[in-house]
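Contents: one structure, followed by commentary.
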Amino acid sequence: MNPVELANSVHAALEPHALNVVWFSLIAVLWIGYFFLEGFDFGVGVLTRGLARDRRERRVLINTIGPVWDGNEVWLLTAGGATFAAFPEWYATLFSGFYIPLLLILICLIVRGVAFEYRSKRPEERWQRNWEHAIFWTSLLPAFLWGVAFANIVRGVPIDADGEYVGNLFTLLNGYALLGGAVTLLLFTFHGAVFIALKTVGEVRERARALAGRLGLVTAALAVAFLGWTQLGTGTAWSLLALVIAAGALVAALFANRAGREGWAFGLSGVTIAAAVTMLFLTLYPAVMPSSLNAEWDLTVVNAAATPYTLTIMTWVAAIATPIVLLYQGWTYWVFRKRIGVQHLAPDPHGPADGGTGPATTGPDTGGPGSPDAPESPDAPGSPDRVPTA
């Protein structure tokens, strides 16, 4: 049996449009993974200006995500690629209609990656300060714009009978979408604060825990307002269950953070993100991009999908490749699992104790991709023993 016959036989054994639903669900999982992992990346980037008191502490914060930030972005590439292959009509309408905000996100991600790599390459204070500002802004803007984008997808945008977006940039800047952007920004920042508390020692850890407690209260208020608005508009019984889980996990994360159980707090803040994204996809289904002009013009899991043969081949590839990717990324987090503090930074012979004027390191890059400032290996000299996370 050749590959085409095998694919056709597998699809024939399934219910009509079953693979469409499978790939809609897998794309939701990919976005959950991206927001869970890149969410704390963005939060750490935002907190480099609000939590760190000097350059050495900013180096600590950047080094907490240094070995993993670029791997986390792979989830975005996979989600975009899966959407393009499984639902090409959705991809085409989304990326043409949301061109400006998605382009801004892309520019931010490019500049952010460059900032991580270039920040420590020269000793001048102005050079390093400018790249640190770049890390802050290119973390804050995507965290906000992703919420705006997904809120508009759920709310519905003007799509005509040909599946074309007929609105403009200001169509996307409505109250519901702006609230969604504020929620994702605050939720990612809270997630990042909990991650910093989990990954650091000393004063940085204590301040991160205190800040997470304050951020969590504001985040909870806005998240309940946004998700409640969503539930009232297009919610179902299943989306209501996801809303309850998200709210309960966020409250539990606050209690865990207050008790100093950073591992539990981080896991529960991740559950909050996962449940919130799940709720959005549940309210969206069976549409993938509703039309605000006419419900008959909605893009759905049926009319926006690729051919059955394409979906079948994609399923086989995903079944083989996904476990390998998950194992590798899990191994990366295990290797860089220990806490760090300012005492673990490489000495700075060119500047004062706060690292204000000197270069970031005295030798070759040792901190992993995007983290050339300080050793982060679990066997690095002076590294503390791993503190239990829960």
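As shown in the structure tokens, the chain order sets the letters A, B, ...; within each chain, residues go from 1, and ligands are also counted from 1 in the order they appear.
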Using only C-alpha atoms, what table do you get, as a Markdown table, when you list each residue of segment 93-130 of chain A with an atom no more than 12 Å from segment 147-166 of chain A, its nearest pair of atoms, and their distance in Å rounded to one decimal, rows by chain then rising number?
```
| residue | atom | partner | partner_atom | distance |
| --- | --- | --- | --- | --- |
| A:Thr93 | CA | A:Glu164 | CA | 6.0 |
| A:Leu94 | CA | A:Tyr165 | CA | 8.0 |
| A:Phe95 | CA | A:Tyr165 | CA | 9.7 |
| A:Ser96 | CA | A:Tyr165 | CA | 7.3 |
| A:Gly97 | CA | A:Tyr165 | CA | 5.1 |
| A:Phe98 | CA | A:Ala149 | CA | 7.5 |
| A:Tyr99 | CA | A:Ala149 | CA | 10.5 |
| A:Ile100 | CA | A:Ala149 | CA | 10.7 |
| A:Pro101 | CA | A:Ala149 | CA | 7.7 |
| A:Leu102 | CA | A:Ala149 | CA | 8.3 |
| A:Leu103 | CA | A:Ala149 | CA | 11.9 |
| A:Leu104 | CA | A:Ala149 | CA | 11.7 |
| A:Ile105 | CA | A:Ala149 | CA | 10.5 |
```
For the residues in that selection, give me N, CA, C and O atoms as a PDB file, in the first residue's frame.
```
ATOM      1  N   THR A  93      -6.590  34.716   6.036  1.00  0.00           N
ATOM      2  CA  THR A  93      -7.412  35.825   6.515  1.00  0.00           C
ATOM      3  C   THR A  93      -6.818  36.466   7.762  1.00  0.00           C
ATOM      4  O   THR A  93      -6.799  37.695   7.901  1.00  0.00           O
ATOM      5  N   LEU A  94      -6.300  35.638   8.662  1.00  0.00           N
ATOM      6  CA  LEU A  94      -5.716  36.158   9.901  1.00  0.00           C
ATOM      7  C   LEU A  94      -4.512  37.039   9.619  1.00  0.00           C
ATOM      8  O   LEU A  94      -4.412  38.164  10.121  1.00  0.00           O
ATOM      9  N   PHE A  95      -3.593  36.557   8.806  1.00  0.00           N
ATOM     10  CA  PHE A  95      -2.345  37.290   8.601  1.00  0.00           C
ATOM     11  C   PHE A  95      -2.508  38.474   7.658  1.00  0.00           C
ATOM     12  O   PHE A  95      -1.678  39.384   7.682  1.00  0.00           O
ATOM     13  N   SER A  96      -3.543  38.486   6.845  1.00  0.00           N
ATOM     14  CA  SER A  96      -3.790  39.678   6.024  1.00  0.00           C
ATOM     15  C   SER A  96      -4.567  40.720   6.820  1.00  0.00           C
ATOM     16  O   SER A  96      -4.259  41.915   6.769  1.00  0.00           O
ATOM     17  N   GLY A  97      -5.567  40.285   7.583  1.00  0.00           N
ATOM     18  CA  GLY A  97      -6.364  41.233   8.354  1.00  0.00           C
ATOM     19  C   GLY A  97      -5.636  41.806   9.554  1.00  0.00           C
ATOM     20  O   GLY A  97      -5.817  42.968   9.910  1.00  0.00           O
ATOM     21  N   PHE A  98      -4.802  40.993  10.194  1.00  0.00           N
ATOM     22  CA  PHE A  98      -4.067  41.418  11.386  1.00  0.00           C
ATOM     23  C   PHE A  98      -2.609  41.738  11.035  1.00  0.00           C
ATOM     24  O   PHE A  98      -1.722  41.576  11.867  1.00  0.00           O
ATOM     25  N   TYR A  99      -2.394  42.212   9.841  1.00  0.00           N
ATOM     26  CA  TYR A  99      -1.027  42.365   9.339  1.00  0.00           C
ATOM     27  C   TYR A  99      -0.188  43.284  10.219  1.00  0.00           C
ATOM     28  O   TYR A  99       0.940  42.944  10.583  1.00  0.00           O
ATOM     29  N   ILE A 100      -0.718  44.447  10.573  1.00  0.00           N
ATOM     30  CA  ILE A 100       0.090  45.423  11.322  1.00  0.00           C
ATOM     31  C   ILE A 100       0.419  44.931  12.731  1.00  0.00           C
ATOM     32  O   ILE A 100       1.597  44.943  13.126  1.00  0.00           O
ATOM     33  N   PRO A 101      -0.559  44.476  13.529  1.00  0.00           N
ATOM     34  CA  PRO A 101      -0.174  43.991  14.870  1.00  0.00           C
ATOM     35  C   PRO A 101       0.747  42.778  14.824  1.00  0.00           C
ATOM     36  O   PRO A 101       1.670  42.667  15.644  1.00  0.00           O
ATOM     37  N   LEU A 102       0.529  41.863  13.869  1.00  0.00           N
ATOM     38  CA  LEU A 102       1.404  40.695  13.789  1.00  0.00           C
ATOM     39  C   LEU A 102       2.800  41.088  13.315  1.00  0.00           C
ATOM     40  O   LEU A 102       3.802  40.498  13.748  1.00  0.00           O
ATOM     41  N   LEU A 103       2.879  42.096  12.435  1.00  0.00           N
ATOM     42  CA  LEU A 103       4.189  42.585  12.024  1.00  0.00           C
ATOM     43  C   LEU A 103       4.917  43.236  13.197  1.00  0.00           C
ATOM     44  O   LEU A 103       6.132  43.039  13.369  1.00  0.00           O
ATOM     45  N   LEU A 104       4.197  43.979  14.020  1.00  0.00           N
ATOM     46  CA  LEU A 104       4.816  44.586  15.203  1.00  0.00           C
ATOM     47  C   LEU A 104       5.338  43.514  16.152  1.00  0.00           C
ATOM     48  O   LEU A 104       6.431  43.647  16.721  1.00  0.00           O
ATOM     49  N   ILE A 105       4.555  42.443  16.329  1.00  0.00           N
ATOM     50  CA  ILE A 105       5.007  41.349  17.179  1.00  0.00           C
ATOM     51  C   ILE A 105       6.269  40.723  16.606  1.00  0.00           C
ATOM     52  O   ILE A 105       7.234  40.443  17.337  1.00  0.00           O
TER      53      ILE A 105
END
```
Using only C-alpha atoms, I'd like a table of the residues in segment 299-323 of chain A that come within 12 Å of segment 266-286 of chain A; for each, show the closest atom pair and its distance in Å rounded to one decimal, ordered by chain and ascending number, as a tab-separated table.
```
residue	atom	partner	partner_atom	distance
A:Leu299	CA	A:Pro286	CA	8.8
A:Thr300	CA	A:Pro286	CA	5.7
A:Val301	CA	A:Pro286	CA	5.9
A:Val302	CA	A:Pro286	CA	8.3
A:Asn303	CA	A:Pro286	CA	10.4
A:Ala304	CA	A:Pro286	CA	10.8
A:Ala305	CA	A:Pro286	CA	11.8
```
Long-range neighbours of segment 321-331 of chain A as a ChimeraX atom specification, 12 Å cut-off, only C-alpha atoms, 3 positions minimum in chain: /A:26,29-30,33,37,67-75,78,314-318,334-337
Can I get the selection written as a JSON list (two decimals), in the first residue's frame, with C-alpha atoms?
```
[["chain", "number", "residue", "atom", "x", "y", "z"],
["A", 26, "LEU", "CA", -3.68, 20.53, 18.47],
["A", 29, "VAL", "CA", -2.47, 22.99, 22.56],
["A", 30, "LEU", "CA", 0.40, 24.66, 20.69],
["A", 33, "GLY", "CA", 2.35, 25.74, 25.26],
["A", 37, "LEU", "CA", 6.48, 29.15, 28.21],
["A", 67, "PRO", "CA", 19.10, 29.06, 28.24],
["A", 68, "VAL", "CA", 15.43, 28.62, 27.30],
["A", 69, "TRP", "CA", 13.90, 31.73, 25.72],
["A", 70, "ASP", "CA", 14.74, 30.84, 22.12],
["A", 71, "GLY", "CA", 13.46, 27.29, 22.55],
["A", 72, "ASN", "CA", 10.18, 28.66, 23.89],
["A", 73, "GLU", "CA", 9.65, 30.63, 20.68],
["A", 74, "VAL", "CA", 9.65, 27.39, 18.69],
["A", 75, "TRP", "CA", 6.10, 26.84, 19.92],
["A", 78, "THR", "CA", 5.00, 25.45, 15.17],
["A", 314, "MET", "CA", 0.41, 15.98, 9.20],
["A", 315, "THR", "CA", -1.02, 13.74, 11.90],
["A", 316, "TRP", "CA", 1.55, 11.03, 11.23],
["A", 317, "VAL", "CA", 4.41, 13.55, 11.26],
["A", 318, "ALA", "CA", 3.18, 15.17, 14.48],
["A", 334, "TRP", "CA", 16.18, 19.92, 33.79],
["A", 335, "VAL", "CA", 19.79, 20.85, 33.01],
["A", 336, "PHE", "CA", 19.23, 24.51, 33.94],
["A", 337, "ARG", "CA", 16.99, 23.84, 36.93]]
```
Nearest to Thr189 of chain A, chosen from A:Ile27, A:Leu47, A:Val251, A:Leu61, with only C-alpha atoms counted in the distances: A:Leu47
Go through segment 214-323 of chain A residue by residue and, counting only C-alpha atoms, keep those with an atom at most 8 Å from segment 193-199 of chain A; for each kept residue give the shortest atom pair and its distance in Å to one decimal, ordered by chain and increasing number, as CSV.
```
residue,atom,partner,partner_atom,distance
A:Asn257,CA,A:Val194,CA,7.4
A:Glu262,CA,A:Leu198,CA,5.2
A:Gly263,CA,A:Leu198,CA,6.3
A:Ala265,CA,A:Val194,CA,6.7
A:Phe266,CA,A:Val194,CA,5.6
```
Now that the selection is made, can you save its residues with C-alpha atoms as a short mmCIF file (atom, residue, chain, number, x, y, z; two decimals), in the first residue's frame?
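out.cif written:
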```
data_model
loop_
_atom_site.label_atom_id
_atom_site.label_comp_id
_atom_site.auth_asym_id
_atom_site.auth_seq_id
_atom_site.Cartn_x
_atom_site.Cartn_y
_atom_site.Cartn_z
CA ASN A 257 3.06 32.25 46.42
CA GLU A 262 7.09 28.80 44.36
CA GLY A 263 6.92 25.53 42.46
CA ALA A 265 2.63 28.84 42.41
CA PHE A 266 4.37 28.60 39.04
#
```
Proximity to Ala79 of chain A - best of A:Trp146, A:Tyr34, A:Phe40, A:Arg122, only C-alpha atoms: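 With only C-alpha atoms as the atom set, the closest residue is A:Tyr34.
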Nearest residue to Gly180 of chain A from the set A:Thr230, A:Asn20, A:Asn168, A:Thr200 (distances using only C-alpha atoms):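 Looking only at the distances to Gly180 of chain A, the closest residue turns out to be A:Thr230.
In this structure, atom CA of Phe136 of chain A sits 6.6 Å away from atom CA of Thr48 of chain A.
Across the model, the gap from atom CA of Trp23 of chain A to atom CA of Asn294 of chain A is 25.1 Å.
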Residue list (strand (DSSP E or B), DSSP) for segment 83-208 of chain A, as a PDB file with N, CA, C and O atoms, in the first residue's frame:
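File part-v1.pdb, as written:
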```pdb
ATOM      1  N   VAL A 157     -14.516  39.525  13.560  1.00  0.00           N
ATOM      2  CA  VAL A 157     -14.071  40.694  12.807  1.00  0.00           C
ATOM      3  C   VAL A 157     -14.814  40.724  11.473  1.00  0.00           C
ATOM      4  O   VAL A 157     -15.376  39.708  11.040  1.00  0.00           O
ATOM      5  N   ILE A 159     -15.526  40.007   8.078  1.00  0.00           N
ATOM      6  CA  ILE A 159     -15.070  39.117   7.012  1.00  0.00           C
ATOM      7  C   ILE A 159     -16.201  39.006   6.000  1.00  0.00           C
ATOM      8  O   ILE A 159     -17.355  38.764   6.376  1.00  0.00           O
ATOM      9  N   TYR A 165     -10.820  39.862   5.039  1.00  0.00           N
ATOM     10  CA  TYR A 165     -10.978  40.841   6.103  1.00  0.00           C
ATOM     11  C   TYR A 165     -11.207  42.213   5.475  1.00  0.00           C
ATOM     12  O   TYR A 165     -10.415  42.666   4.630  1.00  0.00           O
ATOM     13  N   THR A 200      15.459  32.182  41.571  1.00  0.00           N
ATOM     14  CA  THR A 200      16.483  33.037  42.159  1.00  0.00           C
ATOM     15  C   THR A 200      16.593  32.812  43.667  1.00  0.00           C
ATOM     16  O   THR A 200      15.777  32.117  44.278  1.00  0.00           O
TER      17      THR A 200
END
```
Distance criterion (only C-alpha atoms): nearest to Gly81 of chain A out of A:Arg214, A:Trp31, A:Gly248, A:Gly39: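 Comparing A:Arg214, A:Trp31, A:Gly248, A:Gly39 against Gly81 of chain A, the winner is A:Trp31.
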